$ cat coords-v8.cif   # mmCIF, C-alpha atoms
data_final
#
loop_
_atom_site.label_atom_id
_atom_site.label_comp_id
_atom_site.auth_asym_id
_atom_site.auth_seq_id
_atom_site.Cartn_x
_atom_site.Cartn_y
_atom_site.Cartn_z
CA MET A 265 -58.36 42.68 117.20
CA ASP A 266 -58.80 39.00 117.98
CA PRO A 267 -55.32 37.61 118.81
CA LEU A 268 -55.61 34.85 116.20
CA ASP A 269 -56.70 37.39 113.58
CA ALA A 270 -53.68 39.51 114.50
CA ALA A 271 -51.38 36.50 114.15
CA MET A 272 -52.87 35.62 110.76
CA LYS A 273 -52.43 39.21 109.62
CA LYS A 274 -48.80 39.20 110.77
CA PHE A 275 -48.02 36.09 108.73
CA GLY A 276 -50.31 36.99 105.82
CA ALA A 277 -52.32 33.78 106.34
CA ASP A 278 -55.81 32.97 105.11
CA ALA A 279 -56.61 30.90 108.19
CA PHE A 280 -55.28 29.43 111.42
CA VAL A 281 -55.39 25.63 111.67
CA HIS A 282 -54.95 23.21 114.56
CA TYR A 283 -55.12 19.40 114.46
CA ALA A 284 -55.23 17.50 117.77
CA THR A 285 -57.47 15.56 120.13
CA GLY A 286 -59.75 17.34 122.55
CA GLU A 287 -57.29 16.44 125.30
CA ASP A 288 -54.89 19.00 123.83
CA ALA A 289 -55.18 22.15 125.97
CA ASP A 290 -55.19 24.57 123.03
CA MET A 291 -57.83 22.54 121.17
CA ARG A 292 -60.03 22.33 124.25
CA TYR A 293 -59.68 26.07 124.80
CA LEU A 294 -60.56 26.89 121.19
CA THR A 295 -63.49 24.48 120.90
CA ARG A 296 -64.60 23.34 124.38
CA PHE A 297 -65.08 19.97 122.70
CA VAL A 298 -63.46 16.72 123.80
CA MET A 299 -62.96 13.99 121.24
CA HIS A 300 -60.29 11.34 121.74
CA ASP A 301 -59.41 11.14 118.04
CA SER A 302 -57.69 14.08 116.38
CA PHE A 303 -59.86 16.54 114.48
CA VAL A 304 -59.44 19.78 112.55
CA PHE A 305 -60.04 23.29 113.83
CA PHE A 306 -59.73 26.22 111.43
CA LYS A 307 -60.49 29.91 111.66
CA ARG A 308 -60.42 32.42 108.86
CA GLN A 309 -59.72 36.09 109.57
CA ARG A 310 -62.68 37.91 111.15
CA GLN A 311 -64.75 34.72 111.19
CA PRO A 312 -65.64 32.27 113.98
CA GLY A 313 -63.84 28.97 114.26
CA THR A 314 -65.04 25.72 112.69
CA ILE A 315 -64.30 22.11 113.54
CA ILE A 316 -64.44 19.15 111.16
CA VAL A 317 -65.54 15.92 112.84
CA PRO A 318 -66.87 12.47 111.87
CA GLN A 319 -70.59 12.24 111.20
CA MET A 320 -71.09 10.20 114.38
CA GLU A 321 -69.76 13.11 116.47
CA ALA A 322 -71.61 15.91 114.68
CA GLU A 323 -74.66 16.13 116.93
CA ARG A 324 -72.62 16.00 120.12
CA ALA A 325 -70.21 18.58 118.73
CA SER A 326 -73.11 20.88 117.85
CA ARG A 327 -74.31 20.67 121.44
CA GLU A 328 -70.96 20.94 123.22
CA SER A 329 -68.59 22.92 121.03
CA THR A 330 -68.38 26.71 120.94
CA THR A 331 -67.52 26.60 117.22
CA ALA A 332 -69.34 25.94 113.98
CA VAL A 333 -69.40 22.25 113.05
CA MET A 334 -68.79 20.49 109.74
CA THR A 335 -68.77 16.77 109.09
CA ARG A 336 -65.94 15.17 107.17
CA THR A 337 -68.49 14.34 104.50
CA GLN A 338 -69.49 17.99 104.21
CA ALA A 339 -65.79 18.82 103.96
CA ARG A 340 -65.51 16.24 101.12
CA LEU A 341 -63.02 13.92 102.80
CA PRO A 342 -64.71 10.71 101.50
CA ASP A 343 -64.60 12.07 97.94
CA ILE A 344 -60.97 13.13 98.32
CA THR A 345 -59.88 9.71 99.58
CA LYS A 346 -61.26 8.02 96.46
CA LYS A 347 -58.32 9.51 94.56
CA GLU A 348 -55.80 10.35 97.28
CA LYS A 349 -54.86 7.17 99.16
CA ASN A 350 -52.30 8.80 101.47
CA PRO A 351 -54.42 9.71 104.55
CA TRP A 352 -52.30 12.72 105.55
CA LYS A 353 -52.39 14.17 102.04
CA ALA A 354 -56.13 13.61 101.94
CA ILE A 355 -56.64 15.50 105.20
CA ALA A 356 -54.35 18.26 103.91
CA GLN A 357 -56.44 18.63 100.75
CA MET A 358 -59.60 18.79 102.83
CA ILE A 359 -58.09 21.54 104.99
CA VAL A 360 -56.92 23.55 101.98
CA GLU A 361 -60.34 23.35 100.34
CA GLN A 362 -62.01 24.69 103.48
CA ALA A 363 -59.41 27.08 104.90
CA GLY A 364 -57.23 28.20 102.00
CA LYS A 365 -53.70 27.59 100.73
CA ASN A 366 -51.89 30.13 102.91
CA LEU A 367 -52.10 28.75 106.43
CA LEU A 368 -50.86 29.48 109.94
CA VAL A 369 -50.61 26.33 112.04
CA SER A 370 -50.18 25.80 115.77
CA PRO A 371 -46.73 25.02 117.24
CA ALA A 372 -47.94 21.51 118.12
CA PHE A 373 -49.18 20.77 114.61
CA PRO A 374 -48.15 17.29 113.35
CA ALA A 375 -45.06 17.56 111.15
CA ILE A 376 -46.30 14.95 108.67
CA LEU A 377 -49.54 16.87 108.11
CA MET A 378 -47.69 20.17 107.80
CA ARG A 379 -45.48 18.67 105.08
CA ALA A 380 -48.57 17.51 103.23
CA LEU A 381 -50.02 21.02 103.45
CA GLU A 382 -46.76 22.51 102.16
CA GLU A 383 -47.21 20.52 98.96
CA GLN A 384 -50.38 22.53 98.30
CA GLY A 385 -49.53 25.99 99.62
CA LYS A 386 -47.63 28.09 102.13
CA VAL A 387 -47.50 27.11 105.81
CA SER A 388 -46.25 29.28 108.67
CA VAL A 389 -45.88 28.15 112.28
CA ASP A 390 -47.55 30.30 114.92
CA GLU A 391 -45.57 31.55 117.92
CA GLY A 392 -47.92 30.25 120.62
CA THR A 393 -50.82 32.69 120.28
CA VAL A 394 -53.40 30.34 121.82
CA GLY A 395 -51.16 29.58 124.79
CA LYS A 396 -50.82 33.32 125.38
CA MET A 397 -54.60 33.74 125.08
CA ARG A 398 -55.02 31.16 127.82
CA ILE A 399 -52.89 33.15 130.30
CA LYS A 400 -55.68 35.52 131.32
CA LYS A 401 -58.63 33.60 132.73
CA THR A 402 -62.23 34.68 132.45
CA PRO A 403 -64.30 34.96 135.65
CA ASP A 404 -65.95 31.66 134.71
CA GLU A 405 -62.58 29.93 134.30
CA ILE A 406 -61.45 31.27 137.67
CA GLN A 407 -64.55 29.83 139.33
CA LEU A 408 -63.91 26.44 137.71
CA ILE A 409 -60.35 26.36 139.03
CA LYS A 410 -61.49 27.45 142.50
CA ALA A 411 -63.99 24.58 142.50
CA VAL A 412 -61.23 22.06 141.75
CA GLN A 413 -59.07 23.60 144.47
CA LYS A 414 -61.80 23.04 147.07
CA LYS A 415 -61.93 19.37 146.11
CA THR A 416 -58.14 19.22 146.28
CA GLU A 417 -58.14 20.61 149.80
CA ARG A 418 -60.66 18.01 150.94
CA ALA A 419 -58.45 15.27 149.50
CA MET A 420 -55.38 16.79 151.15
CA ASP A 421 -57.19 16.84 154.48
CA LEU A 422 -58.06 13.16 154.08
CA GLY A 423 -54.46 12.25 153.27
CA ILE A 424 -53.01 14.21 156.18
CA SER A 425 -55.58 12.69 158.55
CA LEU A 426 -54.17 9.24 157.74
CA VAL A 427 -50.76 10.42 158.95
CA ARG A 428 -52.19 12.27 161.95
CA HIS A 429 -54.07 9.20 163.19
CA ALA A 430 -51.40 6.65 162.30
CA THR A 431 -49.60 4.67 164.96
CA VAL A 432 -45.87 4.02 165.02
CA LYS A 433 -44.53 0.47 165.00
CA LYS A 434 -40.95 -0.59 164.35
CA GLY A 435 -40.06 2.80 162.93
CA VAL A 436 -42.87 3.09 160.37
CA LEU A 437 -46.42 4.47 160.37
CA TYR A 438 -49.31 2.03 160.60
CA HIS A 439 -52.94 2.38 159.54
CA ASN A 440 -55.50 -0.31 160.39
CA ASP A 441 -52.74 -2.73 161.47
CA ALA A 442 -50.86 -2.39 158.16
CA PRO A 443 -47.98 -0.12 157.15
CA LEU A 444 -49.14 3.26 155.88
CA THR A 445 -47.40 3.48 152.52
CA SER A 446 -47.16 6.15 149.85
CA GLU A 447 -49.15 3.81 147.60
CA LEU A 448 -51.96 3.38 150.12
CA MET A 449 -52.28 7.11 150.78
CA ARG A 450 -52.17 7.82 147.06
CA ASN A 451 -55.01 5.36 146.44
CA VAL A 452 -57.11 6.88 149.23
CA ILE A 453 -56.57 10.40 147.87
CA HIS A 454 -57.26 9.37 144.28
CA THR A 455 -60.46 7.57 145.28
CA GLN A 456 -61.69 10.64 147.14
CA LEU A 457 -60.95 12.85 144.13
CA MET A 458 -62.60 10.36 141.77
CA ASP A 459 -65.74 10.44 143.90
CA GLU A 460 -65.74 14.23 143.44
CA GLY A 461 -65.39 14.02 139.66
CA CYS A 462 -61.65 14.60 139.45
CA ARG A 463 -58.80 12.57 138.02
CA ALA A 464 -55.41 12.57 139.69
CA VAL A 465 -52.22 10.93 138.43
CA GLU A 466 -48.69 10.78 139.80
CA THR A 467 -49.63 12.43 143.09
CA ILE A 468 -46.39 12.91 144.99
CA ILE A 469 -46.23 11.38 148.46
CA SER A 470 -42.54 11.20 149.27
CA CYS A 471 -40.89 10.70 152.64
CA GLY A 472 -37.52 11.21 154.28
CA GLU A 473 -34.51 11.71 152.02
CA ASP A 474 -36.69 11.25 148.91
CA THR A 475 -38.23 14.66 149.66
CA ALA A 476 -34.92 16.26 148.65
CA PHE A 477 -35.85 15.53 145.03
CA PRO A 478 -38.98 17.55 144.10
CA HIS A 479 -40.65 15.11 141.69
CA ILE A 480 -39.85 11.72 143.19
CA ILE A 481 -43.34 10.26 143.48
CA GLY A 482 -42.58 8.25 146.62
CA SER A 483 -43.03 4.61 147.53
CA GLY A 484 -43.05 2.30 150.51
CA PRO A 485 -43.85 2.86 154.19
CA LEU A 486 -44.02 6.38 155.57
CA LYS A 487 -41.91 7.06 158.63
CA PRO A 488 -42.26 9.23 161.72
CA HIS A 489 -40.10 12.28 162.50
CA MET A 490 -39.36 12.77 158.80
CA PRO A 491 -40.71 15.20 156.19
CA ILE A 492 -43.58 13.91 154.06
CA VAL A 493 -44.26 15.97 150.93
CA ILE A 494 -47.78 15.67 149.48
CA ASP A 495 -48.17 17.35 146.08
CA MET A 496 -51.44 16.83 144.19
CA PHE A 497 -52.62 18.36 140.94
CA PRO A 498 -56.01 16.88 140.04
CA ARG A 499 -58.05 17.69 136.95
CA ASP A 500 -61.80 18.09 136.88
CA GLU A 501 -63.13 15.42 134.51
CA LEU A 502 -66.00 17.58 133.23
CA THR A 503 -64.31 20.94 132.73
CA GLY A 504 -60.69 19.92 132.15
CA TYR A 505 -59.31 22.49 134.60
CA PHE A 506 -56.56 21.69 137.10
CA ALA A 507 -55.70 22.75 140.62
CA ASP A 508 -52.28 22.37 142.27
CA MET A 509 -51.32 22.20 145.94
CA THR A 510 -48.46 20.98 148.14
CA ARG A 511 -48.02 20.54 151.86
CA THR A 512 -45.12 19.18 153.90
CA ILE A 513 -45.90 17.40 157.17
CA SER A 514 -44.23 15.18 159.74
CA LYS A 515 -45.69 12.65 162.17
CA GLY A 516 -43.87 13.81 165.26
CA LYS A 517 -41.05 16.32 165.50
CA PRO A 518 -38.53 16.08 162.63
CA SER A 519 -34.91 17.23 162.71
CA GLN A 520 -34.13 20.82 163.57
CA GLN A 521 -32.82 21.27 160.02
CA ILE A 522 -36.24 20.38 158.58
CA ILE A 523 -38.00 22.63 161.09
CA GLY A 524 -35.75 25.53 160.07
CA MET A 525 -36.32 24.84 156.37
CA PHE A 526 -40.09 24.72 156.90
CA GLU A 527 -40.11 28.08 158.67
CA ALA A 528 -37.99 29.63 155.92
CA VAL A 529 -40.19 28.21 153.13
CA ARG A 530 -43.37 29.41 154.82
CA GLU A 531 -41.95 32.92 155.15
CA ALA A 532 -40.62 32.82 151.57
CA GLN A 533 -44.09 31.96 150.31
CA GLN A 534 -45.53 35.06 151.95
CA ILE A 535 -42.75 37.21 150.50
CA GLY A 536 -43.48 35.82 147.05
CA ILE A 537 -47.19 36.48 147.47
CA LEU A 538 -46.57 40.08 148.50
CA HIS A 539 -44.63 40.68 145.25
CA ILE A 540 -47.36 39.31 142.97
CA LYS A 541 -49.69 41.76 141.25
CA ALA A 542 -50.48 42.89 137.73
CA GLY A 543 -47.58 44.70 136.07
CA VAL A 544 -44.91 43.05 138.21
CA SER A 545 -42.80 40.46 136.44
CA GLY A 546 -42.74 36.81 137.45
CA ALA A 547 -38.98 37.21 137.67
CA GLU A 548 -39.29 39.89 140.34
CA SER A 549 -41.36 37.72 142.66
CA HIS A 550 -39.02 34.77 142.12
CA ASN A 551 -35.92 36.87 142.76
CA ALA A 552 -37.41 38.29 145.97
CA VAL A 553 -37.62 34.75 147.30
CA VAL A 554 -34.07 33.98 146.16
CA GLU A 555 -32.82 37.02 148.08
CA TYR A 556 -34.77 36.03 151.18
CA PHE A 557 -33.38 32.51 151.15
CA LYS A 558 -29.88 33.95 150.72
CA SER A 559 -30.41 36.09 153.83
CA ARG A 560 -31.29 32.91 155.73
CA GLY A 561 -28.21 31.07 154.49
CA TYR A 562 -29.92 28.91 151.85
CA GLU A 563 -28.63 28.58 148.28
CA SER A 564 -30.68 28.81 145.09
CA ASP A 565 -28.61 26.61 142.82
CA THR A 566 -28.16 22.84 142.60
CA ARG A 567 -29.20 22.62 146.26
CA GLY A 568 -31.60 24.69 148.30
CA PHE A 569 -34.17 26.50 146.15
CA ILE A 570 -33.78 24.65 142.84
CA HIS A 571 -36.92 25.48 140.83
CA ASN A 572 -39.14 28.39 139.86
CA LEU A 573 -41.35 30.06 142.43
CA GLY A 574 -44.48 29.17 140.47
CA HIS A 575 -46.32 28.70 137.20
CA GLY A 576 -49.67 29.22 135.56
CA VAL A 577 -52.48 26.68 135.98
CA GLY A 578 -55.52 26.13 133.79
CA LEU A 579 -56.24 23.50 131.17
CA GLN A 580 -52.66 22.36 131.85
CA VAL A 581 -51.12 21.97 135.27
CA HIS A 582 -48.02 23.81 134.03
CA GLU A 583 -48.70 26.67 131.63
CA LEU A 584 -47.89 30.35 131.24
CA PRO A 585 -47.13 32.64 132.99
CA THR A 586 -43.83 31.75 134.62
CA LEU A 587 -42.75 32.89 138.07
CA GLY A 588 -39.05 32.32 137.56
CA PRO A 589 -35.90 34.03 136.29
CA SER A 590 -37.42 34.43 132.80
CA GLY A 591 -40.89 35.39 134.01
CA ALA A 592 -42.57 38.20 132.10
CA GLU A 593 -44.95 40.88 133.36
CA LEU A 594 -47.98 39.37 135.07
CA GLU A 595 -51.52 40.09 133.89
CA ALA A 596 -54.59 40.48 136.07
CA GLY A 597 -56.64 37.31 135.73
CA SER A 598 -53.68 34.94 135.55
CA VAL A 599 -53.99 31.94 137.86
CA VAL A 600 -50.61 30.96 139.31
CA THR A 601 -49.01 28.85 142.01
CA VAL A 602 -46.64 30.11 144.67
CA GLU A 603 -44.48 27.16 145.71
CA PRO A 604 -41.07 27.87 147.22
CA GLY A 605 -39.08 24.87 148.40
CA LEU A 606 -35.75 23.88 149.88
CA TYR A 607 -34.04 20.59 149.05
CA TYR A 608 -30.91 19.05 150.55
CA PRO A 609 -29.82 15.49 149.69
CA GLY A 610 -29.18 13.49 152.85
CA ILE A 611 -31.47 15.76 154.85
CA GLY A 612 -34.74 16.08 152.94
CA GLY A 613 -36.93 18.72 151.40
CA VAL A 614 -39.80 21.06 152.18
CA ARG A 615 -42.30 22.57 149.72
CA LEU A 616 -45.46 24.59 150.31
CA GLU A 617 -47.73 25.45 147.39
CA ASP A 618 -50.81 27.64 147.16
CA ILE A 619 -52.78 28.69 144.08
CA GLY A 620 -54.59 31.95 143.37
CA VAL A 621 -55.29 34.70 140.87
CA VAL A 622 -53.24 37.78 140.02
CA ARG A 623 -55.22 40.96 140.63
CA ALA A 624 -54.45 44.60 139.84
CA ARG A 625 -53.06 45.25 143.32
CA ASN A 626 -52.42 41.86 144.89
CA PHE A 627 -52.57 38.08 144.75
CA ALA A 628 -55.96 36.61 145.69
CA ASN A 629 -55.16 33.24 147.25
CA PHE A 630 -57.68 30.44 146.59
CA THR A 631 -55.98 28.13 149.07
CA LYS A 632 -57.49 28.06 152.55
CA PHE A 633 -55.71 24.98 153.88
CA GLU A 634 -53.41 25.34 156.89
CA GLU A 635 -49.63 25.02 156.73
CA THR A 636 -48.66 22.91 159.74
CA LEU A 637 -45.51 20.82 159.83
CA ILE A 638 -46.02 18.55 162.85
CA VAL A 639 -49.26 16.54 162.87
#
$ encode --input "coords-v8.cif" --output "structure tokens"
Amino acid sequence: MDPLDAAMKKFGADAFVHYATGEDADMRYLTRFVMHDSFVFFKRQRQPGTIIVPQMEAERASRESTTAVMTRTQARLPDITKKEKNPWKAIAQMIVEQAGKNLLVSPAFPAILMRALEEQGKVSVDEGTVGKMRIKKTPDEIQLIKAVQKKTERAMDLGISLVRHATVKKGVLYHNDAPLTSELMRNVIHTQLMDEGCRAVETIISCGEDTAFPHIIGSGPLKPHMPIVIDMFPRDELTGYFADMTRTISKGKPSQQIIGMFEAVREAQQIGILHIKAGVSGAESHNAVVEYFKSRGYESDTRGFIHNLGHGVGLQVHELPTLGPSGAELEAGSVVTVEPGLYYPGIGGVRLEDIGVVRARNFANFTKFEETLIV
């Protein structure tokens, strides 16, 4: 049975309804249509989905969406608004007329619209069915993510080359007679990705002690003999799919502590990868890395290894499944990251991140980029 049909049957609902922009991952998955204003998706049991859009978007929606298409006029919204002046109540009446009075709505459904629907019938909140449907990727989805990953690796290579070819003056890296800053490298990487049809935001390029905090974005001049963490997660503008990748480098030899952390993280990544296959829980792979770090004298608490081993990637950069203490059994076809890290305030941090797909017997790594600390 279709998972949405099963959810509707469980809740005794006439239809499933979602209301969001096309930037919402669930909406994009359900419709493959991107519109920057919110629109309605509904699906009755054992029937295909339908979207309700403005007349001006109808032709484009018919060409691009995988659903049936109705205009707001066909769904009687203009007629409804002649009597109902509250816009949310008007939309609710339109939905009820098309989908029924007993509805199952997505977890991200707007509260104000849900209250308007409750005035006309029964509303139940779904338990994340669409998010769970997105866990297992189709072969086409896998190819789309692999394509973004190749572009990501080319951008990573460009960024690292700036560090590799930089000169050192007065304790900072220089490029073309100017300090090589996080901001400059970020702009170079983002421009490269933009030229390849990808959008990147908040790319992490942190240096020195800032690397001890995983999501500090980084700013100012980069320095030699210190860890530089580069974490990028671009999205393909056309398809909406993400990739995710991290490397840690140093211009010149860093401290022995960083070298030891790098070696441990690189080995931990391979241990995590060896534990990933269909039927094994995300928790098991995470815990294997925790145990390895413990054997090397590294904590997994407020210092040391302080985050999950990995996460799903698709139409969101962070989605199910989870490779962490609460991680459930992995399914073949899930695309996940493997990104162990070690972080010590006052010393710095190291993270290495690859992305690949869970298979029946192993983890098929998409990432072909080298892991070299000293450049």
$ resolve_selection --input "coords-v8.cif" --expression "the PyMOL selection byres ((chain A and resi 628-635) around 7)" --output "list of chain:residue names"
A:Lys410, A:Glu417, A:Arg511, A:Asp618, A:Ile619, A:Gly620, A:Val621, A:Val622, A:Arg623, A:Asn626, A:Phe627, A:Thr636, A:Leu637
$ atom_distance --input "coords-v8.cif" --atom1 "CA of Leu457 in chain A" --atom2 "CA of Asp421 in chain A"
11.7 Å
$ atom_distance --input "coords-v8.cif" --atom1 "CA of Ile481 in chain A" --atom2 "CA of Pro609 in chain A"
15.8 Å
$ resolve_selection --input "coords-v8.cif" --expression "the PyMOL selection byres ((chain A and resi 472-476) around 9)" --output "PyMOL selection string"
chain A and resi 469-471+477-482+486-487+489-493+567+606-615
$ resolve_selection --input "coords-v8.cif" --expression "the PyMOL selection byres ((chain A and resi 456) around 12)" --output "list of chain:residue names"
A:Lys415, A:Thr416, A:Glu417, A:Arg418, A:Ala419, A:Met420, A:Asp421, A:Leu422, A:Gly423, A:Met449, A:Arg450, A:Asn451, A:Val452, A:Ile453, A:His454, A:Thr455, A:Leu457, A:Met458, A:Asp459, A:Glu460, A:Gly461, A:Cys462, A:Arg463, A:Ala464, A:Pro498
$ closest_residue --input "coords-v8.cif" --among "A:Ser590, A:Thr314, A:Thr431, A:Ser388" --to "Thr335 in chain A" --atoms "only C-alpha atoms"
A:Thr314
$ atom_distance --input "coords-v8.cif" --atom1 "CA of Met509 in chain A" --atom2 "CA of His539 in chain A"
19.7 Å
$ residues_around --input "coords-v8.cif" --residues "range 337-344 of chain A" --least-positions-apart "3" --cutoff "6 Å" --atoms "all atoms listed in the file" --output "JSON, numbers by chain"
{"A": [347, 348, 358]}
$ residues_around --input "coords-v8.cif" --residues "Glu287 in chain A" --least-positions-apart "3" --cutoff "10 Å" --atoms "only C-alpha atoms" --output "list of chain:residue names"
A:Ala284, A:Asp290, A:Met291, A:Arg292, A:Tyr293, A:Phe297, A:Val298, A:Met299, A:His300, A:Asp301, A:Ser302, A:Gly504, A:Leu579, A:Gln580
$ axis_aligned_box --input "coords-v8.cif" --around "range 447-462 of chain A" --padding-each-side "3 Å" --output "AutoDock Vina command-line options"
--center_x -57.4 --center_y 9.0 --center_z 145.1 --size_x 22.6 --size_y 17.2 --size_z 17.3
$ build_atoms --input "coords-v8.cif" --residues "range 509-524 of chain A" --atoms "N, CA, C and O atoms" --output "JSON list (two decimals), in the frame of the given file"
[["chain", "number", "residue", "atom", "x", "y", "z"],
["A", 509, "MET", "N", -51.49, 21.90, 144.51],
["A", 509, "MET", "CA", -51.32, 22.20, 145.94],
["A", 509, "MET", "C", -50.29, 21.26, 146.55],
["A", 509, "MET", "O", -50.25, 20.08, 146.23],
["A", 510, "THR", "N", -49.45, 21.79, 147.44],
["A", 510, "THR", "CA", -48.46, 20.98, 148.14],
["A", 510, "THR", "C", -48.42, 21.36, 149.61],
["A", 510, "THR", "O", -48.48, 22.54, 149.96],
["A", 511, "ARG", "N", -48.28, 20.34, 150.45],
["A", 511, "ARG", "CA", -48.02, 20.54, 151.86],
["A", 511, "ARG", "C", -46.90, 19.59, 152.30],
["A", 511, "ARG", "O", -46.75, 18.50, 151.73],
["A", 512, "THR", "N", -46.14, 20.02, 153.29],
["A", 512, "THR", "CA", -45.12, 19.18, 153.90],
["A", 512, "THR", "C", -45.48, 18.98, 155.37],
["A", 512, "THR", "O", -45.74, 19.96, 156.08],
["A", 513, "ILE", "N", -45.51, 17.72, 155.79],
["A", 513, "ILE", "CA", -45.90, 17.40, 157.17],
["A", 513, "ILE", "C", -44.90, 16.41, 157.76],
["A", 513, "ILE", "O", -44.07, 15.84, 157.05],
["A", 514, "SER", "N", -45.03, 16.20, 159.06],
["A", 514, "SER", "CA", -44.23, 15.18, 159.74],
["A", 514, "SER", "C", -45.05, 14.62, 160.89],
["A", 514, "SER", "O", -45.69, 15.38, 161.63],
["A", 515, "LYS", "N", -45.06, 13.31, 161.02],
["A", 515, "LYS", "CA", -45.69, 12.65, 162.17],
["A", 515, "LYS", "C", -44.68, 12.68, 163.31],
["A", 515, "LYS", "O", -43.74, 11.89, 163.34],
["A", 516, "GLY", "N", -44.85, 13.61, 164.22],
["A", 516, "GLY", "CA", -43.87, 13.81, 165.26],
["A", 516, "GLY", "C", -42.80, 14.81, 164.82],
["A", 516, "GLY", "O", -42.69, 15.15, 163.64],
["A", 517, "LYS", "N", -42.03, 15.27, 165.76],
["A", 517, "LYS", "CA", -41.05, 16.32, 165.50],
["A", 517, "LYS", "C", -39.91, 15.82, 164.62],
["A", 517, "LYS", "O", -39.25, 14.84, 164.95],
["A", 518, "PRO", "N", -39.66, 16.47, 163.48],
["A", 518, "PRO", "CA", -38.53, 16.08, 162.63],
["A", 518, "PRO", "C", -37.25, 16.74, 163.11],
["A", 518, "PRO", "O", -37.23, 17.40, 164.16],
["A", 519, "SER", "N", -36.19, 16.62, 162.34],
["A", 519, "SER", "CA", -34.91, 17.23, 162.71],
["A", 519, "SER", "C", -35.02, 18.75, 162.74],
["A", 519, "SER", "O", -35.90, 19.35, 162.10],
["A", 520, "GLN", "N", -34.12, 19.37, 163.49],
["A", 520, "GLN", "CA", -34.13, 20.82, 163.57],
["A", 520, "GLN", "C", -33.85, 21.45, 162.21],
["A", 520, "GLN", "O", -34.34, 22.55, 161.91],
["A", 521, "GLN", "N", -33.08, 20.75, 161.37],
["A", 521, "GLN", "CA", -32.82, 21.27, 160.02],
["A", 521, "GLN", "C", -34.11, 21.38, 159.22],
["A", 521, "GLN", "O", -34.35, 22.37, 158.53],
["A", 522, "ILE", "N", -34.97, 20.35, 159.30],
["A", 522, "ILE", "CA", -36.24, 20.38, 158.58],
["A", 522, "ILE", "C", -37.16, 21.45, 159.15],
["A", 522, "ILE", "O", -37.83, 22.18, 158.40],
["A", 523, "ILE", "N", -37.16, 21.59, 160.47],
["A", 523, "ILE", "CA", -38.00, 22.63, 161.09],
["A", 523, "ILE", "C", -37.56, 24.01, 160.60],
["A", 523, "ILE", "O", -38.39, 24.86, 160.24],
["A", 524, "GLY", "N", -36.25, 24.24, 160.56],
["A", 524, "GLY", "CA", -35.75, 25.53, 160.07],
["A", 524, "GLY", "C", -36.09, 25.76, 158.61],
["A", 524, "GLY", "O", -36.45, 26.87, 158.21]]
